[in-house]
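What follows is the content of final22.cif (mmCIF, C-alpha atoms).
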data_final
loop_
_atom_site.label_atom_id
_atom_site.label_comp_id
_atom_site.auth_asym_id
_atom_site.auth_seq_id
_atom_site.Cartn_x
_atom_site.Cartn_y
_atom_site.Cartn_z
CA MET A 1 0.00 0.00 0.00
CA ILE A 2 1.39 3.38 -1.04
CA THR A 3 1.08 6.13 1.55
CA VAL A 4 0.09 9.50 0.14
CA PRO A 5 2.30 12.17 1.72
CA GLY A 6 0.76 14.88 3.83
CA THR A 7 0.95 18.59 3.11
CA LEU A 8 3.19 21.16 4.70
CA TYR A 9 1.15 24.32 5.26
CA VAL A 10 2.99 27.63 5.74
CA VAL A 11 0.50 29.54 7.86
CA ALA A 12 0.65 33.28 8.55
CA THR A 13 -0.49 34.26 12.04
CA PRO A 14 -1.35 37.68 13.53
CA ILE A 15 1.46 40.14 14.25
CA GLY A 16 -0.49 41.56 17.17
CA ASN A 17 -4.27 41.66 16.99
CA LEU A 18 -5.45 38.05 17.22
CA ASP A 19 -8.60 38.90 15.29
CA ASP A 20 -6.41 39.20 12.19
CA MET A 21 -6.20 35.39 12.00
CA SER A 22 -7.76 34.43 8.68
CA PRO A 23 -10.66 31.93 8.60
CA ARG A 24 -8.61 29.73 6.25
CA GLY A 25 -5.62 29.83 8.59
CA ARG A 26 -7.85 28.79 11.47
CA GLU A 27 -9.27 25.96 9.36
CA VAL A 28 -5.80 24.66 8.48
CA LEU A 29 -4.66 24.76 12.11
CA THR A 30 -7.80 22.84 13.04
CA MET A 31 -7.13 20.00 10.59
CA ALA A 32 -3.32 19.83 10.96
CA ASP A 33 -1.92 16.79 12.74
CA THR A 34 1.08 18.76 14.00
CA VAL A 35 1.93 22.44 14.40
CA ALA A 36 5.62 23.29 14.06
CA ALA A 37 6.17 26.54 15.92
CA GLU A 38 9.07 28.89 16.55
CA ASP A 39 8.00 29.21 20.21
CA THR A 40 5.59 26.54 21.42
CA ARG A 41 4.46 28.70 24.36
CA ARG A 42 3.35 31.54 22.12
CA ALA A 43 1.81 29.03 19.71
CA ALA A 44 -0.15 27.49 22.59
CA GLN A 45 -1.56 30.92 23.46
CA LEU A 46 -2.76 31.41 19.89
CA LEU A 47 -4.26 27.93 19.71
CA THR A 48 -6.04 28.47 23.02
CA HIS A 49 -7.49 31.71 21.66
CA LEU A 50 -8.74 29.73 18.66
CA GLY A 51 -10.17 27.01 20.90
CA LEU A 52 -7.72 24.37 19.63
CA ARG A 53 -5.44 21.79 21.24
CA LYS A 54 -2.82 20.44 18.87
CA LYS A 55 0.42 18.50 18.94
CA LEU A 56 3.22 21.10 18.99
CA VAL A 57 6.87 20.71 18.01
CA SER A 58 9.41 23.50 18.28
CA LEU A 59 11.27 24.67 15.19
CA HIS A 60 13.58 27.64 15.65
CA GLU A 61 16.97 28.85 14.43
CA HIS A 62 18.88 26.73 16.94
CA ASN A 63 17.18 23.37 16.31
CA GLU A 64 15.80 23.54 12.77
CA ARG A 65 18.53 21.36 11.31
CA ASP A 66 17.67 18.56 13.78
CA ARG A 67 13.90 18.94 13.42
CA VAL A 68 13.75 18.65 9.62
CA GLY A 69 14.17 14.86 9.55
CA PRO A 70 11.35 13.96 11.98
CA ILE A 71 8.96 16.44 10.35
CA MET A 72 9.75 15.06 6.89
CA ASP A 73 9.10 11.54 8.23
CA ALA A 74 5.70 12.64 9.54
CA LEU A 75 4.80 14.24 6.22
CA ALA A 76 5.96 11.17 4.29
CA ASN A 77 3.67 9.06 6.49
CA GLY A 78 0.65 11.11 5.49
CA GLU A 79 0.49 13.64 8.33
CA ASN A 80 -0.36 17.27 7.66
CA VAL A 81 1.95 19.80 9.30
CA ALA A 82 1.31 23.51 9.81
CA LEU A 83 4.39 25.73 10.11
CA ILE A 84 3.93 28.98 12.04
CA SER A 85 6.32 31.61 13.39
CA ASP A 86 5.98 33.73 16.52
CA ALA A 87 4.04 36.30 14.49
CA GLY A 88 3.38 37.07 10.86
CA THR A 89 4.41 35.05 7.81
CA PRO A 90 6.90 32.21 8.38
CA LEU A 91 10.39 32.45 6.79
CA ILE A 92 10.30 36.27 6.61
CA SER A 93 13.31 36.84 8.89
CA ASP A 94 12.15 33.70 10.68
CA PRO A 95 13.16 30.02 10.59
CA GLY A 96 11.78 27.50 8.11
CA TYR A 97 14.04 27.68 5.07
CA ARG A 98 15.71 24.31 5.71
CA LEU A 99 12.32 22.67 6.23
CA LEU A 100 10.93 24.08 2.97
CA ALA A 101 14.09 23.14 1.09
CA ALA A 102 13.79 19.56 2.32
CA ALA A 103 10.11 19.43 1.35
CA ARG A 104 10.98 20.65 -2.12
CA GLN A 105 13.75 18.09 -2.49
CA LEU A 106 11.45 15.24 -1.40
CA ASP A 107 8.52 16.51 -3.49
CA ILE A 108 6.32 17.04 -0.41
CA PRO A 109 3.27 19.22 -1.20
CA VAL A 110 3.62 22.72 0.26
CA CYS A 111 0.69 25.14 0.55
CA PRO A 112 0.91 28.83 1.53
CA ILE A 113 -1.80 30.24 3.80
CA PRO A 114 -1.26 33.99 3.46
CA GLY A 115 -1.99 36.62 6.06
CA SER A 116 -0.25 39.14 8.27
CA CYS A 117 3.29 40.33 7.54
CA ALA A 118 4.85 43.26 9.44
CA ALA A 119 6.98 44.29 6.45
CA ILE A 120 3.99 44.63 4.11
CA ALA A 121 1.79 46.21 6.79
CA ALA A 122 4.40 48.91 7.41
CA LEU A 123 5.02 49.47 3.70
CA CYS A 124 1.30 50.02 3.08
CA VAL A 125 1.12 52.94 5.53
CA ALA A 126 4.58 54.46 5.02
CA GLY A 127 3.60 56.86 2.27
CA LEU A 128 6.68 55.88 0.28
CA PRO A 129 6.91 54.29 -3.21
CA THR A 130 5.60 50.71 -3.26
CA ASP A 131 6.12 49.81 -6.92
CA ARG A 132 9.61 48.48 -6.12
CA PHE A 133 10.92 47.65 -2.68
CA ARG A 134 13.73 45.70 -1.07
CA PHE A 135 13.38 43.68 2.14
CA GLU A 136 16.61 43.58 4.14
CA GLY A 137 15.35 42.12 7.43
CA PHE A 138 17.74 42.73 10.33
CA LEU A 139 21.02 44.53 9.70
CA PRO A 140 24.16 43.36 11.53
CA PRO A 141 23.99 44.13 15.26
CA LYS A 142 27.57 45.42 15.50
CA ARG A 143 28.13 49.04 14.51
CA ALA A 144 31.01 48.60 12.07
CA ALA A 145 29.24 45.88 10.08
CA ARG A 146 25.95 47.74 10.25
CA ARG A 147 27.49 50.94 8.86
CA LYS A 148 29.15 49.01 6.05
CA ARG A 149 25.78 47.53 5.08
CA LEU A 150 24.15 50.97 5.22
CA GLU A 151 26.86 52.24 2.86
CA ASP A 152 25.93 49.46 0.45
CA LEU A 153 22.25 50.42 0.67
CA SER A 154 22.63 54.19 0.54
CA ALA A 155 22.44 54.44 -3.26
CA VAL A 156 19.73 51.79 -3.73
CA PRO A 157 16.75 53.41 -5.53
CA GLU A 158 14.10 51.05 -4.17
CA THR A 159 12.22 51.60 -0.91
CA ILE A 160 13.99 49.57 1.80
CA ILE A 161 12.22 47.63 4.55
CA LEU A 162 14.08 46.72 7.73
CA TYR A 163 13.37 45.05 11.04
CA GLU A 164 15.20 46.04 14.22
CA ALA A 165 15.19 45.07 17.87
CA VAL A 166 13.80 47.88 20.00
CA HIS A 167 16.95 48.15 22.13
CA ARG A 168 19.01 48.90 18.97
CA ILE A 169 16.64 51.28 17.18
CA GLN A 170 18.41 54.46 18.32
CA ASP A 171 21.80 53.07 17.32
CA LEU A 172 20.46 52.16 13.87
CA LEU A 173 18.90 55.58 13.30
CA THR A 174 22.08 57.31 14.49
CA ASP A 175 24.09 55.27 11.99
CA MET A 176 21.57 56.09 9.25
CA GLU A 177 22.05 59.81 9.95
CA ALA A 178 25.82 59.43 9.66
CA VAL A 179 25.93 57.18 6.60
CA ILE A 180 22.79 57.89 4.57
CA GLY A 181 22.11 61.39 5.81
CA PRO A 182 19.66 63.04 8.23
CA GLU A 183 17.16 64.16 5.60
CA ARG A 184 16.25 60.81 3.97
CA PRO A 185 12.49 60.16 4.45
CA ILE A 186 11.65 57.23 6.72
CA THR A 187 8.70 55.64 8.47
CA VAL A 188 9.15 53.73 11.71
CA ALA A 189 6.19 51.56 12.68
CA ARG A 190 6.02 50.34 16.28
CA GLU A 191 3.62 47.74 17.70
CA LEU A 192 1.66 47.33 14.46
CA THR A 193 -1.96 46.17 14.97
CA LYS A 194 -1.52 46.28 18.76
CA ARG A 195 -3.10 48.60 21.30
CA PHE A 196 -0.22 51.08 21.32
CA GLU A 197 0.46 51.10 17.60
CA THR A 198 2.50 54.18 16.70
CA ILE A 199 3.74 55.28 13.30
CA TYR A 200 6.46 57.92 13.01
CA ARG A 201 6.98 59.60 9.63
CA GLY A 202 9.56 62.21 8.66
CA SER A 203 13.26 62.53 8.05
CA VAL A 204 15.73 60.14 9.69
CA ALA A 205 16.84 62.88 12.09
CA ASP A 206 13.29 63.93 12.94
CA VAL A 207 12.07 60.38 13.57
CA ARG A 208 15.12 59.56 15.69
CA ALA A 209 14.46 62.61 17.88
CA ARG A 210 10.75 61.83 18.23
CA LEU A 211 11.45 58.23 19.20
CA GLU A 212 14.03 59.38 21.74
CA SER A 213 11.58 61.77 23.38
CA ASP A 214 8.67 59.28 23.34
CA ALA A 215 8.44 57.43 26.66
CA SER A 216 6.99 54.42 24.82
CA GLY A 217 9.53 54.54 22.01
CA ALA A 218 11.77 51.93 23.63
CA LYS A 219 9.06 49.28 23.72
CA GLY A 220 7.56 46.91 21.18
CA GLU A 221 8.27 45.48 17.74
CA ILE A 222 9.88 47.80 15.17
CA THR A 223 9.63 47.90 11.36
CA LEU A 224 11.37 50.61 9.34
CA VAL A 225 10.57 51.73 5.79
CA LEU A 226 13.32 53.90 4.31
CA ALA A 227 12.98 55.90 1.11
CA GLY A 228 15.28 54.85 -1.68
CA PHE A 229 17.92 57.16 -3.14
CA ASP A 230 16.16 59.53 -5.53
CA GLY A 231 19.15 61.32 -7.04
CA PRO A 232 20.09 60.90 -10.70
CA GLU A 233 22.19 57.88 -11.53
CA ASP A 234 25.01 60.14 -12.69
CA SER A 235 24.86 62.22 -9.49
CA HIS A 236 28.60 61.89 -8.81
CA ASP A 237 30.74 64.74 -10.13
CA ALA A 238 34.03 64.66 -11.94
CA GLU A 239 35.97 65.63 -8.81
CA LEU A 240 34.71 62.64 -6.83
CA GLU A 241 35.61 60.30 -9.69
CA ARG A 242 39.05 61.89 -10.04
CA VAL A 243 39.81 61.56 -6.32
CA LEU A 244 38.57 57.97 -6.22
CA ALA A 245 40.70 56.99 -9.21
CA ILE A 246 43.80 58.20 -7.36
CA LEU A 247 42.92 56.56 -4.04
CA LEU A 248 41.90 53.22 -5.54
CA ALA A 249 45.42 52.75 -6.81
CA GLU A 250 46.70 52.86 -3.23
CA VAL A 251 44.06 51.63 -0.77
CA SER A 252 41.03 49.34 -0.48
CA THR A 253 37.66 50.20 -1.96
CA ARG A 254 36.12 51.06 1.42
CA GLN A 255 39.09 53.18 2.47
CA ALA A 256 39.06 54.99 -0.86
CA ALA A 257 35.33 55.69 -0.61
CA SER A 258 35.63 56.95 2.97
CA LEU A 259 38.55 59.25 2.19
CA ALA A 260 36.99 60.51 -1.06
CA ALA A 261 33.76 61.37 0.77
CA LYS A 262 35.70 63.39 3.33
CA ILE A 263 37.72 65.18 0.66
CA THR A 264 34.84 66.03 -1.69
CA GLY A 265 31.89 66.22 0.71
CA ALA A 266 30.05 63.46 -1.13
CA ARG A 267 27.93 60.92 0.70
CA ARG A 268 29.92 57.88 1.75
CA GLY A 269 27.36 55.53 0.23
CA ALA A 270 27.51 57.30 -3.14
CA ALA A 271 31.31 57.32 -3.01
CA TYR A 272 31.37 53.61 -2.21
CA SER A 273 28.99 52.72 -5.05
CA LEU A 274 31.09 54.70 -7.52
CA ALA A 275 34.30 53.13 -6.16
CA LEU A 276 32.87 49.68 -6.76
CA SER A 277 32.00 50.52 -10.35
CA LEU A 278 35.44 52.04 -10.97
CA ARG A 279 37.32 49.12 -9.50
CA GLY A 280 35.21 46.58 -11.35
CA PRO A 281 33.44 43.36 -10.27
CA ASP A 282 36.46 41.13 -10.93
CA SER A 283 39.00 42.98 -8.80
CA GLY A 284 38.25 41.00 -5.62
CA ALA A 285 39.18 44.11 -3.60
CA PRO A 286 37.32 44.77 -0.31
#
Re-express the file's structure as structure tokens.
Amino acid sequence: MITVPGTLYVVATPIGNLDDMSPRGREVLTMADTVAAEDTRRAAQLLTHLGLRKKLVSLHEHNERDRVGPIMDALANGENVALISDAGTPLISDPGYRLLAAARQLDIPVCPIPGSCAAIAALCVAGLPTDRFRFEGFLPPKRAARRKRLEDLSAVPETIILYEAVHRIQDLLTDMEAVIGPERPITVARELTKRFETIYRGSVADVRARLESDASGAKGEITLVLAGFDGPEDSHDAELERVLAILLAEVSTRQAASLAAKITGARRGAAYSLALSLRGPDSGAP
């Protein structure tokens, strides 16, 4: 007798307001044999709210590699498994990639159950262009690496969506002021769909100051939507290119960009992007 494999359902759950759970998502959780959850305690709270009691298995960044095999075995034996994260859509800056990759490799049916996503919710209310956007998730937690990544992103024309831990939000905004500039438009959405939902819109400098003065600004979940670079593609001038050409013959790409920005007054991100194009993709230089 051939066993028909079960289905792996990727189920979006509310990012705050539990009433945002879709009827289809509730139906899938009701029929699933197992719920694989990032945090089984938070999953149990959601299931209790829905009036459900289900078999729960944990699947998070520290144990996903070990959990894939048993979950694949269950699916191969005909069980249906629902994958959920702590909040929002699974795999969006959350675990689950290894599980989905294994399901694809073994030809296990996978079904998306769409719903809440903090990135899309914030983008919809940011008042910034939505025709093209770039999701970056969490930037590096250490300042040097974070500033390097911001340099890379400073000349990107698309709207950029970021997540950040609330205890690092001021550090991130301070670095944005230094690297990208204080006037770049940004929206910071805090506690989306929850009781104390707050949305700050303005320049990077303005939003940083408002968050700092807000007694509630250091609490909750944070999503940032940053305007893309809206300057012309040929915004660099001849002087910046001349200085970079000299420096690139002597120092690394990042050092050349940093020095050229100081010498010419150009933005570091713009100088870095131009330095990369001048040095070429095959140089292997940092």
Can you give me, as a CSV table (one decimal) with C-alpha atoms, in the coordinates of the input, the residues this file yields under the PyMOL selection byres ((chain A and resi 185-187) around 6)?
chain,number,residue,atom,x,y,z
A,126,ALA,CA,4.6,54.5,5.0
A,184,ARG,CA,16.2,60.8,4.0
A,188,VAL,CA,9.2,53.7,11.7
A,200,TYR,CA,6.5,57.9,13.0
A,201,ARG,CA,7.0,59.6,9.6
A,202,GLY,CA,9.6,62.2,8.7
A,203,SER,CA,13.3,62.5,8.0
A,204,VAL,CA,15.7,60.1,9.7
A,224,LEU,CA,11.4,50.6,9.3
A,225,VAL,CA,10.6,51.7,5.8
A,226,LEU,CA,13.3,53.9,4.3
A,227,ALA,CA,13.0,55.9,1.1
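Using all atoms listed in the file, the protein and nucleic acid residues lying at most 10 Å from the point (12.6, 33.5, 10.3) are Glu38, His60, Glu61, Ile84, Ser85, Asp86, Ala87, Gly88, Thr89, Pro90, Leu91, Ile92, Ser93, Asp94, Pro95, Gly96, Tyr97 and Gly137 of chain A.
Each of A:Thr13, A:Ser22, A:Gln170, A:Gln255 was checked against Ser213 in chain A using all atoms listed in the file; the smallest atom-to-atom distance is that of A:Gln170.
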Matched chain/residue IDs from the PyMOL selection byres ((chain A and resi 65) around 12), as a list in words: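 After applying the PyMOL selection byres ((chain A and resi 65) around 12), what remains is Ser58, Leu59, His60, Glu61, His62, Asn63, Glu64, Asp66, Arg67, Val68, Gly69, Pro70, Ile71, Met72, Pro95, Gly96, Tyr97, Arg98, Leu99, Leu100, Ala101 and Ala102 of chain A.
Put simply, CA of Glu158 in chain A is 18.7 Å away from CA of Leu173 in chain A.
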Pairwise distance for CA of Arg254 in chain A and CA of Ala178 in chain A, rounded to one decimal in Å: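 These atoms are spaced 15.6 Å apart.
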Of the listed residues A:Val179, A:Ala103, A:Val11, A:Ala121, that which approaches Arg143 in chain A most closely, counting all atoms listed in the file: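 Nearest to Arg143 in chain A: A:Val179.
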Selected residue of minimal separation from Ala189 in chain A among A:Gly220, A:Pro157, A:Gly115, A:Gly265, counting only C-alpha atoms: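 Among A:Gly220, A:Pro157, A:Gly115, A:Gly265, it is A:Gly220 that comes nearest to Ala189 in chain A.
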Selection: 8 Å around Ile108 in chain A, all atoms listed in the file, excl. self and same-chain fewer than 4 positions, as a ChimeraX atom specification: /A:5-8,75-76,103-104
Option closest in space to Met176 in chain A, from A:Leu153, A:Leu192, A:Ala238, A:Leu247 [counting all atoms listed in the file]: A:Leu153
Within 12 Å of Val28 in chain A using only C-alpha atoms, minus same-chain residues under 5 positions, as a list in words: Thr7, Leu8, Tyr9, Val10, Val11, Ala12, Thr13, Met21, Ser22, Pro23, Asp33, Thr34, Val35, Leu47, Leu50, Leu52, Lys54, Asn80, Val81, Ala82, Leu83, Ile84, Cys111, Pro112, Ile113 and Pro114 of chain A
Distance of CA of Thr264 in chain A from CA of Val207 in chain A, expressed in Å to one decimal place: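 So the two atoms, CA of Val207 in chain A and CA of Thr264 in chain A, lie 28.0 Å apart.
Run against this file, the PyMOL selection byres ((chain A and resi 219) around 9) gives back Val166, His167, Arg190, Glu191, Ala215, Ser216, Gly217, Ala218, Gly220, Glu221 and Ile222 of chain A.
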Hey, can you spit out that residue selection with C-alpha atoms as a PDB file, keeping the file's coordinate frame?
ATOM      1  CA  VAL A 166      13.800  47.880  20.000  1.00  0.00           C
ATOM      2  CA  HIS A 167      16.950  48.150  22.130  1.00  0.00           C
ATOM      3  CA  ARG A 190       6.020  50.340  16.280  1.00  0.00           C
ATOM      4  CA  GLU A 191       3.620  47.740  17.700  1.00  0.00           C
ATOM      5  CA  ALA A 215       8.440  57.430  26.660  1.00  0.00           C
ATOM      6  CA  SER A 216       6.990  54.420  24.820  1.00  0.00           C
ATOM      7  CA  GLY A 217       9.530  54.540  22.010  1.00  0.00           C
ATOM      8  CA  ALA A 218      11.770  51.930  23.630  1.00  0.00           C
ATOM      9  CA  GLY A 220       7.560  46.910  21.180  1.00  0.00           C
ATOM     10  CA  GLU A 221       8.270  45.480  17.740  1.00  0.00           C
ATOM     11  CA  ILE A 222       9.880  47.800  15.170  1.00  0.00           C
TER      12      ILE A 222
END
From A:Asp206, A:Glu241, A:Glu212, A:Glu164, residue lying nearest Ala275 in chain A [only C-alpha atoms]: A:Glu241
